[in-house]
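The structure appears below as structure tokens.
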Amino acid sequence: MKTQPLSSPERPKNTSRIFDTTEPQLRLKTMGEDEFERVVGEWAYSCLRKEKKYSNVALLGGSGDSGRDLVAYIDDNMQKFDIYQCKRYEKPLSPSIYMIEFGKLCYYTYIGEYAVPNKYYIVASNGIGQSLRKLIEHPKQINTELINTWDEKCGKKRQIIAEGIKMTDSLRKYIEEFDFSIVSDIAPITLLDEFSKSPWYKYHFGGGIKKRPTFEKPSEQLKKSEKTMPYVKQLLKVYSKEAGQVYETQEDLKNNQKLYKHFMRQREGFFQHNH
């Protein structure tokens with residue numbers, strides 16, 4: 001199993017989607033597997049690592065991930081961690097699809113390949129279905145369902161390991177006692193909301209053009225406090241030099257409409273920058 005420490009994602013070569021107006025949840029549902037993996041990696045780097053204060057976040061995705069696509073370490077010793085299992089499916093996840101992942105979680109912690117995580121999050125492009133949610137809301141039912149379906153969903157050759165896994169008394173007892181209350185999900189809308197704050201969001205979901213913030217224009221007449229501000233004095237000095245005559249006040253400048261209009265535009269820019 002190869003751990004890939006997260007590094008800062010690179011700017012995509014294809015930036016055409018920056019101006020896409022497709023609804024983000026629809027884009028998430030229909031994007032390909034490779035792009036979904038990139039989204040998860042970028043989300044992990046920008047949101048999990050920085051905002052949730054994990055000491056480190058690593059991608060373990062691949063054929064040998066042992067049921068851990070993404071691991072977020074809580075302590076520097078890397079002994080306490082959360083698992084984020086990321087799945088891209090065309091439909092919401094059902095128990096029949098996901099039971100093998102619960103099997104991996106139990107089997108690999110049973111043999112001691114890694115410790116039981118503090119939390120286990122399901123991150124799915126289409127979310128989880130009603131039946132799987134009911135199991136998560138009643139975690140003891142996962143224990144029963146996993147044992148009852150082990151031979152079909154987890155125990156066969158090349159399902160979890162090449163030689164298959166027989167349900168021994170010891171493994172059965174371990175699964176019966178496993179605390180599945182650590183399992184929850186991150187809804188697609190939550191993933192999108194968190195990811196939208198990252199600089200890479202626009203490359204997948206658009207929204208590259210930002211509206212300029214609105215601001216209240218200053219009144220035409222300078223306030224008493226504004227008349228002595230350095231930027232006003234400096235502008236009047238420049239205008240005086242340009243026109244070859246002295247402009248000491250706003251009223252003086254009204255005699256030259258070209259310079260006066262320029263002065264008003266400069267005031268608006270000053271207020272926009274400082275408010």
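Letters A, B, ... mark the chains of the structure tokens in the order given; residue numbers begin at 1 per chain; ligand numbers begin at 1, in order shown.
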
Handout entry: Long-range neighbours of A:Ile182 as an MDAnalysis selection string, 7 Å cut-off, only C-alpha atoms, 5 positions minimum in chain
Key = chainID A and resid 118:120

Practice task
Tell me which protein, DNA and RNA residues are within 9 Å of stretch 24-34 of chain A, counting only C-alpha atoms, leaving out same-chain ones fewer than 4 positions away, and put them as a PyMOL selection string.
Solution key: chain A and resi 38-39+87-91+125-126+188-189+192+204-206

Produce a file of the selected residues containing N, CA, C and O atoms, as a PDB file, in the first residue's frame.
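The result, stored in result.pdb:
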```pdb
ATOM      1  N   ARG A  38      -9.535  13.777  -8.504  1.00  0.00           N
ATOM      2  CA  ARG A  38      -8.817  15.051  -8.390  1.00  0.00           C
ATOM      3  C   ARG A  38      -9.569  16.014  -7.473  1.00  0.00           C
ATOM      4  O   ARG A  38      -8.961  16.720  -6.661  1.00  0.00           O
ATOM      5  N   VAL A  39     -10.893  16.039  -7.611  1.00  0.00           N
ATOM      6  CA  VAL A  39     -11.708  16.899  -6.746  1.00  0.00           C
ATOM      7  C   VAL A  39     -11.510  16.519  -5.286  1.00  0.00           C
ATOM      8  O   VAL A  39     -11.316  17.383  -4.421  1.00  0.00           O
ATOM      9  N   LYS A  87     -16.274   7.435  -3.029  1.00  0.00           N
ATOM     10  CA  LYS A  87     -16.850   6.573  -4.051  1.00  0.00           C
ATOM     11  C   LYS A  87     -17.580   7.385  -5.107  1.00  0.00           C
ATOM     12  O   LYS A  87     -18.412   8.226  -4.794  1.00  0.00           O
ATOM     13  N   ARG A  88     -17.242   7.096  -6.356  1.00  0.00           N
ATOM     14  CA  ARG A  88     -17.923   7.735  -7.469  1.00  0.00           C
ATOM     15  C   ARG A  88     -18.816   6.688  -8.134  1.00  0.00           C
ATOM     16  O   ARG A  88     -18.332   5.738  -8.743  1.00  0.00           O
ATOM     17  N   TYR A  89     -20.127   6.833  -7.949  1.00  0.00           N
ATOM     18  CA  TYR A  89     -21.101   5.921  -8.534  1.00  0.00           C
ATOM     19  C   TYR A  89     -22.188   6.727  -9.238  1.00  0.00           C
ATOM     20  O   TYR A  89     -22.441   7.887  -8.902  1.00  0.00           O
ATOM     21  N   GLU A  90     -22.842   6.086 -10.208  1.00  0.00           N
ATOM     22  CA  GLU A  90     -23.884   6.772 -10.966  1.00  0.00           C
ATOM     23  C   GLU A  90     -25.161   6.943 -10.158  1.00  0.00           C
ATOM     24  O   GLU A  90     -25.996   7.784 -10.486  1.00  0.00           O
ATOM     25  N   LYS A  91     -25.325   6.126  -9.113  1.00  0.00           N
ATOM     26  CA  LYS A  91     -26.514   6.191  -8.275  1.00  0.00           C
ATOM     27  C   LYS A  91     -26.098   6.328  -6.812  1.00  0.00           C
ATOM     28  O   LYS A  91     -24.954   6.039  -6.459  1.00  0.00           O
ATOM     29  N   SER A 125     -20.087  10.651  -4.758  1.00  0.00           N
ATOM     30  CA  SER A 125     -20.465  11.671  -5.738  1.00  0.00           C
ATOM     31  C   SER A 125     -21.977  11.826  -5.854  1.00  0.00           C
ATOM     32  O   SER A 125     -22.473  12.910  -6.158  1.00  0.00           O
ATOM     33  N   ASN A 126     -22.710  10.750  -5.625  1.00  0.00           N
ATOM     34  CA  ASN A 126     -24.166  10.803  -5.670  1.00  0.00           C
ATOM     35  C   ASN A 126     -24.806  10.596  -4.303  1.00  0.00           C
ATOM     36  O   ASN A 126     -26.002  10.303  -4.205  1.00  0.00           O
ATOM     37  N   PRO A 188     -23.073  15.328  -0.730  1.00  0.00           N
ATOM     38  CA  PRO A 188     -22.506  16.061  -1.867  1.00  0.00           C
ATOM     39  C   PRO A 188     -22.582  17.577  -1.702  1.00  0.00           C
ATOM     40  O   PRO A 188     -21.640  18.291  -2.051  1.00  0.00           O
ATOM     41  N   ILE A 189     -23.691  18.077  -1.161  1.00  0.00           N
ATOM     42  CA  ILE A 189     -23.842  19.527  -1.004  1.00  0.00           C
ATOM     43  C   ILE A 189     -22.841  20.073   0.011  1.00  0.00           C
ATOM     44  O   ILE A 189     -22.336  21.188  -0.133  1.00  0.00           O
ATOM     45  N   LEU A 192     -19.435  20.168  -1.766  1.00  0.00           N
ATOM     46  CA  LEU A 192     -19.379  21.306  -2.684  1.00  0.00           C
ATOM     47  C   LEU A 192     -19.225  22.622  -1.933  1.00  0.00           C
ATOM     48  O   LEU A 192     -18.471  23.505  -2.350  1.00  0.00           O
ATOM     49  N   HIS A 204     -13.437  22.981 -11.935  1.00  0.00           N
ATOM     50  CA  HIS A 204     -14.338  21.829 -12.080  1.00  0.00           C
ATOM     51  C   HIS A 204     -15.809  22.238 -12.170  1.00  0.00           C
ATOM     52  O   HIS A 204     -16.598  21.574 -12.833  1.00  0.00           O
ATOM     53  N   PHE A 205     -16.160  23.333 -11.493  1.00  0.00           N
ATOM     54  CA  PHE A 205     -17.573  23.689 -11.371  1.00  0.00           C
ATOM     55  C   PHE A 205     -17.908  25.090 -11.873  1.00  0.00           C
ATOM     56  O   PHE A 205     -19.041  25.538 -11.733  1.00  0.00           O
ATOM     57  N   GLY A 206     -16.937  25.775 -12.468  1.00  0.00           N
ATOM     58  CA  GLY A 206     -17.214  27.100 -13.013  1.00  0.00           C
ATOM     59  C   GLY A 206     -17.275  28.165 -11.936  1.00  0.00           C
ATOM     60  O   GLY A 206     -16.781  27.997 -10.826  1.00  0.00           O
TER      61      GLY A 206
END
```

Practice task
Just the residues within 8 Å of A:Ile142, please, counting only C-alpha atoms, with nothing from its chain fewer than 6 positions along; format it as a VMD selection string.
Solution key: chain A and resid 135 to 136 180

Limited to N, CA and C atoms, could you put the picked residues into a file as a PDB file, in the first residue's frame?
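Wrote again-v3.pdb, looks like this:
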```
ATOM      1  N   LEU A 135     -29.125   2.140   7.814  1.00  0.00           N
ATOM      2  CA  LEU A 135     -28.130   1.316   8.506  1.00  0.00           C
ATOM      3  C   LEU A 135     -27.181   2.180   9.330  1.00  0.00           C
ATOM      4  N   ILE A 136     -26.750   3.298   8.745  1.00  0.00           N
ATOM      5  CA  ILE A 136     -25.821   4.183   9.453  1.00  0.00           C
ATOM      6  C   ILE A 136     -26.492   4.793  10.684  1.00  0.00           C
ATOM      7  N   PHE A 180     -19.829   0.399  14.846  1.00  0.00           N
ATOM      8  CA  PHE A 180     -20.083   1.093  13.586  1.00  0.00           C
ATOM      9  C   PHE A 180     -20.689   2.485  13.779  1.00  0.00           C
TER      10      PHE A 180
END
```

Practice task
Could you pull out the residues in stretch 25-212 of chain A that DSSP calls helix (DSSP H, G or I) from the backbone, as a count of residues only?
Solution key: 88

Exercise for the section: Check the DSSP output for the backbone and give back, as a count of residues only, the residues of stretch 82-274 of chain A in strand (DSSP E or B). Expected result: 18

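For stretch 71-83 of chain A, the non-local neighbours within 8 Å, defined as residues at least 2 positions apart in the same chain or in other chains and counting only C-alpha atoms, are Leu48, Arg49, Lys53, Tyr54, Ser55, Asn56, Val57, Ala58, Leu59, Leu60, Arg68, Asp69, Gln85, Ala115, Pro117, Asn118, Lys119, Tyr120 and Tyr121 of chain A.
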
Practice task
Return the single residue from A:Asp151, A:Asp169, A:Glu248, A:Asp193 that is closest to A:Val232, with distances computed using only C-alpha atoms.
Solution key: A:Glu248

Exercise for the section: Using atom CA of A:Ser181 and atom CA of A:Ala162 as the two end points, give the distance in Å to one decimal. Expected result: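 Taking atom CA of A:Ser181 as the start and atom CA of A:Ala162 as the end point, the length is 29.2 Å.
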
Handout entry: Atomic distance atom CA of A:Ser66 - atom CA of A:Tyr108, expressed in Å with one decimal
Key =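 These atoms are spaced 6.7 Å apart.
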
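Take the candidates A:Gly41, A:Pro218, A:Gly164, A:Pro230 and check each one against A:Glu268 using only C-alpha atoms; the shortest distance goes to A:Pro218.
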
Exercise for the section: Extract, using only C-alpha atoms, all DNA, RNA and protein residues at most 9 Å from A:Leu191, discarding same-chain residues fewer than 4 positions from it, and format them as number ranges by chain. Expected result: A: 40, 43, 123, 186-187, 195-196

Could you write out the selected residues, including N, CA, C and O atoms, as a PDB file, in the first residue's frame?
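Generated file (out_15.pdb):
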```pdb
ATOM      1  N   VAL A  40     -11.539  15.224  -5.007  1.00  0.00           N
ATOM      2  CA  VAL A  40     -11.360  14.751  -3.631  1.00  0.00           C
ATOM      3  C   VAL A  40      -9.981  15.150  -3.106  1.00  0.00           C
ATOM      4  O   VAL A  40      -9.843  15.625  -1.974  1.00  0.00           O
ATOM      5  N   TRP A  43      -9.953  18.920  -2.559  1.00  0.00           N
ATOM      6  CA  TRP A  43     -10.784  19.217  -1.384  1.00  0.00           C
ATOM      7  C   TRP A  43     -10.036  18.848  -0.104  1.00  0.00           C
ATOM      8  O   TRP A  43     -10.029  19.612   0.868  1.00  0.00           O
ATOM      9  N   VAL A 123     -17.752   9.482   1.411  1.00  0.00           N
ATOM     10  CA  VAL A 123     -17.855  10.637   0.521  1.00  0.00           C
ATOM     11  C   VAL A 123     -18.197  10.103  -0.865  1.00  0.00           C
ATOM     12  O   VAL A 123     -17.352   9.525  -1.542  1.00  0.00           O
ATOM     13  N   ILE A 186     -20.554  12.369   4.285  1.00  0.00           N
ATOM     14  CA  ILE A 186     -20.467  13.777   3.915  1.00  0.00           C
ATOM     15  C   ILE A 186     -21.299  13.942   2.653  1.00  0.00           C
ATOM     16  O   ILE A 186     -20.966  13.390   1.595  1.00  0.00           O
ATOM     17  N   ALA A 187     -22.401  14.652   2.768  1.00  0.00           N
ATOM     18  CA  ALA A 187     -23.328  14.812   1.649  1.00  0.00           C
ATOM     19  C   ALA A 187     -22.667  15.591   0.513  1.00  0.00           C
ATOM     20  O   ALA A 187     -21.786  16.426   0.750  1.00  0.00           O
ATOM     21  N   PHE A 195     -15.656  22.770  -0.687  1.00  0.00           N
ATOM     22  CA  PHE A 195     -14.718  22.864  -1.805  1.00  0.00           C
ATOM     23  C   PHE A 195     -14.817  24.209  -2.518  1.00  0.00           C
ATOM     24  O   PHE A 195     -13.842  24.683  -3.112  1.00  0.00           O
ATOM     25  N   SER A 196     -15.993  24.845  -2.464  1.00  0.00           N
ATOM     26  CA  SER A 196     -16.193  26.122  -3.164  1.00  0.00           C
ATOM     27  C   SER A 196     -15.276  27.221  -2.637  1.00  0.00           C
ATOM     28  O   SER A 196     -15.052  28.222  -3.313  1.00  0.00           O
TER      29      SER A 196
END
```

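Nearest to A:Lys153 of all the residues A:Ser46, A:Thr228, A:Gln130, A:Ser96 is A:Ser96, counting only C-alpha atoms.
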
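The neighbours of A:Tyr110 here are the residues that come within 10 Å of it, using only C-alpha atoms and leaving out any residue fewer than 4 positions away in the same chain; they are Lys104, Leu105, Cys106, Tyr114, Ala115, Val116, Ser170, Leu171, Tyr174, Ile175 and Phe178 of chain A.
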
Output N, CA and C atoms for every residue in the selection just made, as a JSON list (two decimals), in the first residue's frame.
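Below is the file that was written, again_36.json:
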```json
[["chain", "number", "residue", "atom", "x", "y", "z"],
["A", 104, "LYS", "N", -14.00, -4.59, 4.45],
["A", 104, "LYS", "CA", -12.58, -4.21, 4.46],
["A", 104, "LYS", "C", -12.21, -3.54, 5.77],
["A", 105, "LEU", "N", -13.07, -2.65, 6.24],
["A", 105, "LEU", "CA", -12.80, -1.95, 7.49],
["A", 105, "LEU", "C", -12.64, -2.94, 8.64],
["A", 106, "CYS", "N", -13.53, -3.91, 8.71],
["A", 106, "CYS", "CA", -13.45, -4.90, 9.78],
["A", 106, "CYS", "C", -12.25, -5.84, 9.60],
["A", 114, "TYR", "N", -4.18, -1.73, 10.33],
["A", 114, "TYR", "CA", -4.28, -0.37, 10.86],
["A", 114, "TYR", "C", -5.29, -0.36, 11.99],
["A", 115, "ALA", "N", -5.23, 0.68, 12.81],
["A", 115, "ALA", "CA", -6.11, 0.78, 13.97],
["A", 115, "ALA", "C", -7.52, 1.17, 13.55],
["A", 116, "VAL", "N", -8.47, 0.94, 14.43],
["A", 116, "VAL", "CA", -9.84, 1.39, 14.18],
["A", 116, "VAL", "C", -9.83, 2.92, 14.15],
["A", 170, "SER", "N", -13.63, -16.37, 15.40],
["A", 170, "SER", "CA", -12.94, -15.19, 15.90],
["A", 170, "SER", "C", -13.31, -13.94, 15.11],
["A", 171, "LEU", "N", -13.37, -14.06, 13.78],
["A", 171, "LEU", "CA", -13.75, -12.92, 12.94],
["A", 171, "LEU", "C", -15.21, -12.54, 13.18],
["A", 174, "TYR", "N", -15.47, -10.58, 16.29],
["A", 174, "TYR", "CA", -14.92, -9.24, 16.10],
["A", 174, "TYR", "C", -15.94, -8.33, 15.40],
["A", 175, "ILE", "N", -16.58, -8.86, 14.37],
["A", 175, "ILE", "CA", -17.57, -8.06, 13.64],
["A", 175, "ILE", "C", -18.78, -7.78, 14.53],
["A", 178, "PHE", "N", -17.87, -4.89, 16.72],
["A", 178, "PHE", "CA", -17.32, -3.69, 16.10],
["A", 178, "PHE", "C", -18.29, -2.51, 16.27]]
```
